[in-house]
>>> print(open('work.cif').read())   # mmCIF, C-alpha atoms
data_query
#
loop_
_atom_site.label_atom_id
_atom_site.label_comp_id
_atom_site.auth_asym_id
_atom_site.auth_seq_id
_atom_site.Cartn_x
_atom_site.Cartn_y
_atom_site.Cartn_z
CA ILE A 26 64.12 22.62 152.14
CA TYR A 27 63.74 21.94 155.82
CA GLN A 28 61.22 23.79 157.99
CA GLY A 29 63.04 24.34 161.27
CA SER A 30 61.58 25.32 164.63
CA LEU A 31 61.97 28.83 166.07
CA GLY A 32 64.97 29.04 168.39
CA ARG A 33 66.56 25.66 167.34
CA THR A 34 70.10 25.38 165.94
CA TYR A 35 70.75 22.97 163.04
CA ALA A 36 74.11 21.64 161.75
CA PHE A 37 74.55 20.36 158.20
CA TYR A 38 77.04 19.18 155.62
CA SER A 39 76.85 18.81 151.84
CA VAL A 40 77.38 15.79 149.48
CA ALA A 41 78.15 16.29 145.77
CA THR A 42 76.69 14.18 142.95
CA ASP A 43 78.04 14.30 139.37
CA THR A 44 76.08 14.00 136.14
CA SER A 45 76.74 10.26 136.00
CA GLY A 46 75.14 9.75 139.36
CA ASN A 47 78.36 9.20 141.30
CA ILE A 48 77.98 10.34 144.91
CA GLU A 49 80.79 11.86 146.90
CA THR A 50 82.01 9.75 149.81
CA LYS A 51 82.09 11.91 152.90
CA ILE A 52 82.33 11.58 156.67
CA PRO A 53 79.02 12.83 158.13
CA GLN A 54 80.17 15.73 160.23
CA ALA A 55 78.89 19.28 160.49
CA GLU A 56 80.30 21.75 158.03
CA ALA A 57 77.99 24.62 159.00
CA SER A 58 75.17 25.45 161.38
CA THR A 59 72.24 27.89 161.51
CA GLU A 60 69.80 29.09 164.12
CA VAL A 61 66.16 29.56 163.22
CA GLY A 62 65.00 33.10 164.14
CA ALA A 63 61.90 35.16 163.47
CA ALA A 64 61.82 37.55 160.49
CA ASN A 65 62.31 41.22 161.46
CA ALA A 66 58.94 43.01 161.68
CA ALA A 67 58.51 46.71 160.89
CA PRO A 68 57.62 49.23 163.65
CA VAL A 69 53.96 50.18 163.94
CA PHE A 70 52.41 53.59 164.68
CA PRO A 71 48.97 54.10 166.19
CA GLY A 72 46.39 55.84 164.01
CA MET A 73 46.77 59.65 163.70
CA GLN A 74 44.22 62.39 163.05
CA ASP A 75 45.02 65.72 161.42
CA LEU A 76 46.20 68.37 163.90
CA THR A 77 46.05 72.17 164.31
CA VAL A 78 48.09 74.88 166.03
CA ASN A 79 47.29 78.55 166.61
CA GLU A 80 49.36 81.08 164.69
CA GLY A 81 52.28 82.27 166.82
CA ASP A 82 52.30 79.17 169.05
CA THR A 83 54.86 76.35 169.04
CA PHE A 84 53.47 73.01 167.92
CA THR A 85 54.84 69.98 169.78
CA ARG A 86 53.85 66.32 169.49
CA LYS A 87 55.59 63.19 170.73
CA MET A 88 55.44 60.39 168.20
CA GLN A 89 55.57 56.86 169.59
CA ALA A 90 55.89 53.74 167.45
CA ALA A 91 56.03 50.17 168.76
CA ASP A 92 58.57 47.56 167.59
CA PRO A 93 56.94 44.09 167.61
CA ASP A 94 60.26 42.23 167.94
CA GLY A 95 62.64 44.63 169.64
CA PRO A 96 62.97 47.45 172.19
CA SER A 97 60.94 50.49 171.11
CA GLY A 98 63.68 52.64 172.62
CA ASP A 99 65.99 51.56 169.79
CA LEU A 100 63.78 53.16 167.14
CA ARG A 101 65.06 56.21 165.24
CA TYR A 102 62.69 58.81 163.81
CA THR A 103 62.81 60.89 160.63
CA ILE A 104 60.24 63.22 159.07
CA ILE A 105 59.18 64.28 155.59
CA SER A 106 57.26 67.59 155.64
CA SER A 107 55.95 70.05 153.06
CA GLN A 108 56.97 72.81 155.52
CA PRO A 109 60.74 72.78 156.19
CA ALA A 110 60.29 74.35 159.64
CA VAL A 111 58.61 71.14 160.91
CA VAL A 112 61.35 69.02 162.50
CA ILE A 113 61.59 65.88 164.66
CA HIS A 114 64.10 64.70 167.26
CA PRO A 115 65.54 61.40 165.99
CA VAL A 116 65.59 59.71 169.42
CA THR A 117 62.62 61.15 171.36
CA GLY A 118 60.31 61.42 168.36
CA ILE A 119 59.13 64.90 169.41
CA ILE A 120 57.91 67.07 166.52
CA THR A 121 58.25 70.85 166.83
CA TRP A 122 57.09 73.76 164.64
CA ASN A 123 57.67 77.33 165.79
CA THR A 124 54.91 79.19 163.93
CA GLY A 125 54.79 82.92 163.26
CA GLU A 126 52.65 85.58 161.57
CA MET A 127 53.70 84.39 158.12
CA ASP A 128 52.52 80.82 158.84
CA GLY A 129 48.84 81.65 159.41
CA GLY A 130 46.66 79.49 157.15
CA LYS A 131 49.48 77.15 156.11
CA THR A 132 49.14 73.34 156.20
CA ALA A 133 52.11 70.97 156.58
CA GLN A 134 51.68 67.51 155.06
CA VAL A 135 53.78 65.27 157.32
CA GLU A 136 55.07 61.69 157.14
CA VAL A 137 56.88 60.37 160.22
CA ILE A 138 59.10 57.30 159.75
CA ALA A 139 60.35 54.99 162.52
CA THR A 140 63.26 52.63 161.73
CA ASP A 141 64.31 49.72 163.96
CA SER A 142 67.76 48.28 164.70
CA GLY A 143 67.05 44.83 163.25
CA PHE A 144 68.80 43.15 160.32
CA PRO A 145 67.79 44.03 157.82
CA ALA A 146 66.36 47.24 159.31
CA LYS A 147 62.63 47.73 158.84
CA SER A 148 60.62 50.96 158.87
CA GLY A 149 57.03 51.93 159.55
CA SER A 150 55.37 55.29 158.89
CA VAL A 151 52.28 57.38 159.58
CA SER A 152 50.99 60.43 157.68
CA PHE A 153 48.87 63.38 158.83
CA SER A 154 48.59 67.16 158.41
CA ILE A 155 49.25 70.13 160.72
CA THR A 156 47.26 73.31 159.97
CA VAL A 157 48.15 76.73 161.43
CA VAL A 158 44.96 78.54 162.44
CA GLU A 159 44.98 82.26 161.52
CA MET A 160 44.76 84.38 164.70
CA ASN A 161 43.76 88.06 164.63
CA THR A 162 45.69 90.32 167.01
CA ALA A 163 44.54 93.75 168.20
CA PRO A 164 46.02 96.94 166.71
CA VAL A 165 48.47 99.08 168.69
CA ILE A 166 47.54 102.76 169.04
CA GLY A 167 49.89 105.55 170.09
CA GLN A 168 49.33 107.58 173.25
CA VAL A 169 48.16 111.22 173.10
CA GLY A 170 49.12 113.62 175.89
CA PRO A 171 46.81 116.17 177.61
CA GLN A 172 45.74 119.12 175.43
CA THR A 173 44.89 122.75 176.26
CA LEU A 174 42.68 124.83 173.96
CA GLN A 175 41.14 128.29 174.04
CA GLN A 176 37.40 128.60 173.48
CA ASN A 177 37.89 130.26 170.13
CA GLY A 178 40.54 127.76 169.02
CA VAL A 179 40.46 124.55 166.94
CA LEU A 180 41.84 121.25 168.23
CA ILE A 181 43.60 119.01 165.67
CA VAL A 182 45.06 115.68 166.84
CA ASP A 183 46.43 112.89 164.64
CA ALA A 184 45.86 109.47 166.24
CA ASP A 185 48.12 106.77 164.76
CA ALA A 186 47.66 103.01 165.06
CA THR A 187 49.45 100.01 163.54
CA ASP A 188 48.41 96.41 162.97
CA GLY A 189 50.92 93.57 162.56
CA ASP A 190 48.58 91.01 161.03
CA LEU A 191 49.12 89.59 157.54
CA PRO A 192 47.56 89.94 155.06
CA VAL A 193 47.47 93.69 155.77
CA GLN A 194 44.22 94.77 157.41
CA THR A 195 42.27 98.05 157.23
CA LEU A 196 42.06 100.20 160.36
CA THR A 197 38.98 102.32 161.08
CA TYR A 198 39.08 105.17 163.62
CA SER A 199 36.17 106.33 165.75
CA LEU A 200 35.42 108.36 168.89
CA ALA A 201 34.12 106.42 171.85
CA PRO A 202 33.12 108.84 173.24
CA GLY A 203 33.86 112.52 172.52
CA PRO A 204 32.22 115.88 173.25
CA ALA A 205 29.57 117.38 170.99
CA GLY A 206 30.97 118.75 167.75
CA ALA A 207 34.12 116.59 167.73
CA THR A 208 34.79 114.58 164.56
CA ILE A 209 37.43 112.09 163.45
CA ASN A 210 38.41 110.94 159.98
CA PRO A 211 37.73 107.17 159.97
CA SER A 212 40.59 106.50 157.55
CA THR A 213 43.36 108.82 158.75
CA GLY A 214 42.57 109.17 162.47
CA VAL A 215 42.76 112.99 162.33
CA LEU A 216 40.50 114.46 165.04
CA GLN A 217 39.09 118.01 164.93
CA TRP A 218 37.06 120.03 167.43
CA ALA A 219 36.09 123.70 167.73
CA PRO A 220 34.54 124.11 171.20
CA THR A 221 31.67 126.53 171.69
CA ALA A 222 31.53 129.22 174.36
CA GLN A 223 29.47 126.84 176.48
CA GLN A 224 32.06 124.03 176.35
CA GLY A 225 34.67 125.43 178.67
CA GLY A 226 36.35 123.14 181.21
CA ASN A 227 37.82 119.63 180.95
CA HIS A 228 36.72 117.03 178.41
CA LEU A 229 37.68 113.37 177.91
CA PHE A 230 38.39 111.98 174.44
CA VAL A 231 38.59 108.25 173.68
CA VAL A 232 39.92 107.29 170.22
CA ARG A 233 39.37 103.72 169.01
CA ALA A 234 41.15 101.94 166.13
CA THR A 235 39.34 98.81 164.87
CA ASP A 236 40.88 96.30 162.44
CA SER A 237 39.14 94.32 159.67
CA GLY A 238 40.09 90.86 160.94
CA THR A 239 37.82 88.03 162.06
CA PRO A 240 36.83 88.47 164.78
CA GLN A 241 37.47 92.21 164.77
CA LYS A 242 39.87 93.57 167.39
CA PHE A 243 40.39 97.16 168.56
CA ALA A 244 42.69 99.35 170.62
CA GLU A 245 41.88 102.60 172.45
CA THR A 246 43.72 105.63 173.73
CA SER A 247 42.26 108.39 175.91
CA PHE A 248 43.37 111.93 176.65
CA SER A 249 41.97 115.07 178.27
CA VAL A 250 41.37 118.47 176.70
CA SER A 251 41.12 121.60 178.86
CA VAL A 252 39.16 124.44 177.23
CA VAL A 253 40.10 127.83 178.75
CA GLU A 254 38.76 131.33 178.20
CA PRO A 255 41.01 133.57 176.10
CA GLU A 256 42.96 136.36 177.81
CA ASP A 257 40.80 139.50 178.21
CA LYS A 258 42.18 142.40 176.15
CA SER A 259 41.63 146.09 177.03
CA PRO A 260 39.34 148.27 174.93
CA VAL A 261 40.94 150.56 172.33
CA PHE A 262 39.79 154.21 171.86
CA THR A 263 39.44 155.70 168.43
CA LYS A 264 41.67 158.69 167.78
CA VAL A 265 40.22 162.03 168.98
CA PRO A 266 41.38 165.13 167.06
CA VAL A 267 42.96 168.00 168.95
CA VAL A 268 40.35 170.73 169.57
CA LEU A 269 41.05 174.32 170.70
CA TRP A 270 38.38 175.29 173.14
CA ILE A 271 37.49 178.96 173.85
CA LYS A 272 36.42 179.80 177.33
CA GLY A 273 32.74 180.44 177.68
CA GLN A 274 31.80 178.40 174.62
CA SER A 275 30.02 175.02 174.58
CA TYR A 276 31.50 172.11 172.66
CA SER A 277 30.72 168.45 172.03
CA VAL A 278 33.21 165.71 171.14
CA ALA A 279 32.29 162.18 169.98
CA VAL A 280 34.41 159.57 171.73
CA SER A 281 34.22 155.85 170.79
CA ALA A 282 36.11 152.68 171.64
CA THR A 283 36.20 149.05 170.50
CA ASP A 284 36.94 145.83 172.38
CA PRO A 285 39.18 143.18 170.69
CA ASP A 286 37.28 140.43 172.48
CA GLY A 287 33.89 141.73 171.35
CA ASP A 288 32.77 142.52 174.90
CA ALA A 289 30.28 145.32 175.60
CA ILE A 290 31.89 148.70 176.47
CA THR A 291 30.73 151.31 178.96
CA LEU A 292 32.18 154.82 178.63
CA GLU A 293 32.59 157.15 181.61
CA ALA A 294 33.87 160.74 181.72
CA ASN A 295 36.31 161.95 184.36
CA THR A 296 36.58 165.78 184.21
CA THR A 297 38.72 168.17 186.21
CA GLY A 298 39.17 171.94 186.18
CA THR A 299 36.82 174.93 186.25
#
>>> encode(input="work.cif", output="structure tokens")
Amino acid sequence: IYQGSLGRTYAFYSVATDTSGNIETKIPQAEASTEVGAANAAPVFPGMQDLTVNEGDTFTRKMQAADPDGPSGDLRYTIISSQPAVVIHPVTGIITWNTGEMDGGKTAQVEVIATDSGFPAKSGSVSFSITVVEMNTAPVIGQVGPQTLQQNGVLIVDADATDGDLPVQTLTYSLAPGPAGATINPSTGVLQWAPTAQQGGNHLFVVRATDSGTPQKFAETSFSVSVVEPEDKSPVFTKVPVVLWIKGQSYSVAVSATDPDGDAITLEANTTGT
């Protein structure tokens, strides 16, 4: 064994010896040559900490390994991930993960491998995790148009909201604000109101839907309600029987009337003749 020097070229030839000790006669000339080179070293990654990404965002990270004995641009990258959606570009080393609602709370265990172009090829790797942080989004509540209501009527409005977060969250409805006497079912969003005689005019309603996420988010919709007086109806007389009056005699007849609206009635007599 001969320990050569790095970068030097050495020529050699071989001489055979049999079991009796006879040595082959040979002209000393080169039969082969070799150049002493350095052993191929594996690529090296810098240290990596675990990483996070918000739910719904796209995770990107450029991985960069160094090749101690060759151009780093010749490295090729591969990835092993517990989440198949995590991919890497083989040349640039850029990792991407397009996260969505279903990825909230998931963690990808990742190993990135860089392989050089030496002979034989050597590889280096680094491992870390990527965690998708659960993000709560606000509910979406439907719009309600302007309402008109008579004073003796009852307002019923069904406010509907949806929430796209998973796992499914619970929505709670409330009024913020509403006129006196108005109520809303916190589970169904059904609003009811029977205005009093003193609540005529225009009123603003604000319905809020609040989710059960952390932190809690809410959505609001507002609409106006115009309370108008009912149409005034004419009084109605009770039926008066036909009476035959004799001249010179005195008679009395009871006349009464009612008002459909419950208003007070004043009776007046309009007589003609002699």
>>> residues_around(input="work.cif", residues="Asp185 in chain A", least_positions_apart="4", cutoff="10 Å", atoms="all atoms listed in the file", output="PyMOL selection string")
chain A and resi 165-169+196+198+213-215+232+234
>>> atom_distance(input="work.cif", atom1="CA of Ala289 in chain A", atom2="CA of Gly206 in chain A")
27.7 Å
>>> resolve_selection(input="work.cif", expression="the PyMOL selection byres ((chain A and resi 150) around 10)", output="list in words")
Ala67, Pro68, Val69, Phe70, Pro71, Ala90, Tyr102, Thr103, Ile104, Glu136, Val137, Ile138, Ala139, Thr140, Ser148, Gly149, Val151 and Ser152 of chain A
>>> closest_residue(input="work.cif", among="A:Met73, A:Gln175, A:Phe262, A:Asp94", to="Ala222 in chain A", atoms="all atoms listed in the file")
A:Gln175
>>> atom_distance(input="work.cif", atom1="CA of Asp286 in chain A", atom2="CA of Gln224 in chain A")
17.6 Å
>>> atom_distance(input="work.cif", atom1="CA of Ser142 in chain A", atom2="CA of Gly95 in chain A")
8.0 Å
>>> resolve_selection(input="work.cif", expression="the PyMOL selection byres ((chain A and resi 75) around 8)", output="list of chain:residue names")
A:Met73, A:Gln74, A:Leu76, A:Thr77, A:Phe153, A:Ser154, A:Ile155
>>> write_last_selection(input="work.cif", atoms="C-alpha atoms", output="PDB file, in the coordinates of the input")
ATOM      1  CA  MET A  73      46.770  59.650 163.700  1.00  0.00           C
ATOM      2  CA  GLN A  74      44.220  62.390 163.050  1.00  0.00           C
ATOM      3  CA  LEU A  76      46.200  68.370 163.900  1.00  0.00           C
ATOM      4  CA  THR A  77      46.050  72.170 164.310  1.00  0.00           C
ATOM      5  CA  PHE A 153      48.870  63.380 158.830  1.00  0.00           C
ATOM      6  CA  SER A 154      48.590  67.160 158.410  1.00  0.00           C
ATOM      7  CA  ILE A 155      49.250  70.130 160.720  1.00  0.00           C
TER       8      ILE A 155
END
>>> resolve_selection(input="work.cif", expression="the PyMOL selection byres ((chain A and resi 242-247) around 6)", output="JSON, numbers by chain")
{"A": [163, 164, 168, 230, 231, 232, 233, 234, 235, 236, 241, 248]}
>>> write_last_selection(input="work.cif", atoms="C-alpha atoms", output="short mmCIF file (atom, residue, chain, number, x, y, z; two decimals), keeping the file's coordinate frame")
data_model
loop_
_atom_site.label_atom_id
_atom_site.label_comp_id
_atom_site.auth_asym_id
_atom_site.auth_seq_id
_atom_site.Cartn_x
_atom_site.Cartn_y
_atom_site.Cartn_z
CA ALA A 163 44.54 93.75 168.20
CA PRO A 164 46.02 96.94 166.71
CA GLN A 168 49.33 107.58 173.25
CA PHE A 230 38.39 111.98 174.44
CA VAL A 231 38.59 108.25 173.68
CA VAL A 232 39.92 107.29 170.22
CA ARG A 233 39.37 103.72 169.01
CA ALA A 234 41.15 101.94 166.13
CA THR A 235 39.34 98.81 164.87
CA ASP A 236 40.88 96.30 162.44
CA GLN A 241 37.47 92.21 164.77
CA PHE A 248 43.37 111.93 176.65
#
>>> closest_residue(input="work.cif", among="A:Lys264, A:Arg86, A:Lys272, A:His228", to="Ser251 in chain A", atoms="all atoms listed in the file")
A:His228
>>> closest_residue(input="work.cif", among="A:Ile120, A:Leu229, A:Ala133, A:Val253", to="Gly170 in chain A", atoms="all atoms listed in the file")
A:Leu229
>>> residues_around(input="work.cif", residues="range 35-39 of chain A", least_positions_apart="6", cutoff="6 Å", atoms="all atoms listed in the file", output="list in words")
Ala55, Glu56, Ala57, Ser58 and Thr59 of chain A
>>> residues_near_point(input="work.cif", point="(63.8, 62.7, 169.7)", cutoff="10 Å", atoms="all atoms listed in the file", output="PyMOL selection string")
chain A and resi 87-88+100-103+112-120
>>> residues_near_point(input="work.cif", point="(47.2, 89.5, 161.7)", cutoff="8 Å", atoms="only C-alpha atoms", output="NGL selection string")
:A and (126 or 159-162 or 188-194 or 238)
>>> residues_around(input="work.cif", residues="Leu174 in chain A", least_positions_apart="4", cutoff="8 Å", atoms="all atoms listed in the file", output="number ranges by chain")
A: 178-180, 250-253
>>> closest_residue(input="work.cif", among="A:Pro266, A:Pro145, A:Gly46, A:Pro109", to="Asp128 in chain A", atoms="all atoms listed in the file")
A:Pro109
>>> build_atoms(input="work.cif", residues="range 95-112 of chain A", atoms="N, CA and C atoms", output="tab-separated table (two decimals), in the coordinates of the input")
chain	number	residue	atom	x	y	z
A	95	GLY	N	61.44	44.01	169.09
A	95	GLY	CA	62.64	44.63	169.64
A	95	GLY	C	62.27	45.79	170.54
A	96	PRO	N	63.25	46.33	171.29
A	96	PRO	CA	62.97	47.45	172.19
A	96	PRO	C	62.54	48.69	171.40
A	97	SER	N	61.41	49.29	171.80
A	97	SER	CA	60.94	50.49	171.11
A	97	SER	C	61.91	51.66	171.30
A	98	GLY	N	62.70	51.58	172.38
A	98	GLY	CA	63.68	52.64	172.62
A	98	GLY	C	64.80	52.68	171.61
A	99	ASP	N	64.95	51.60	170.82
A	99	ASP	CA	65.99	51.56	169.79
A	99	ASP	C	65.54	52.16	168.46
A	100	LEU	N	64.29	52.60	168.39
A	100	LEU	CA	63.78	53.16	167.14
A	100	LEU	C	64.39	54.54	166.89
A	101	ARG	N	64.58	54.88	165.63
A	101	ARG	CA	65.06	56.21	165.24
A	101	ARG	C	64.03	56.82	164.29
A	102	TYR	N	63.77	58.14	164.52
A	102	TYR	CA	62.69	58.81	163.81
A	102	TYR	C	63.23	59.81	162.78
A	103	THR	N	62.56	59.86	161.64
A	103	THR	CA	62.81	60.89	160.63
A	103	THR	C	61.46	61.43	160.17
A	104	ILE	N	61.50	62.59	159.49
A	104	ILE	CA	60.24	63.22	159.07
A	104	ILE	C	60.39	63.75	157.65
A	105	ILE	N	59.30	63.65	156.90
A	105	ILE	CA	59.18	64.28	155.59
A	105	ILE	C	58.02	65.25	155.68
A	106	SER	N	58.28	66.56	155.44
A	106	SER	CA	57.26	67.59	155.64
A	106	SER	C	57.26	68.57	154.47
A	107	SER	N	56.07	69.03	154.10
A	107	SER	CA	55.95	70.05	153.06
A	107	SER	C	56.37	71.42	153.58
A	108	GLN	N	56.48	71.57	154.91
A	108	GLN	CA	56.97	72.81	155.52
A	108	GLN	C	58.32	72.51	156.18
A	109	PRO	N	59.41	73.11	155.67
A	109	PRO	CA	60.74	72.78	156.19
A	109	PRO	C	60.93	73.07	157.68
A	110	ALA	N	60.13	73.98	158.23
A	110	ALA	CA	60.29	74.35	159.64
A	110	ALA	C	59.80	73.26	160.60
A	111	VAL	N	59.09	72.25	160.08
A	111	VAL	CA	58.61	71.14	160.91
A	111	VAL	C	59.75	70.13	161.04
A	112	VAL	N	60.21	69.91	162.29
A	112	VAL	CA	61.35	69.02	162.50
A	112	VAL	C	60.99	67.99	163.58
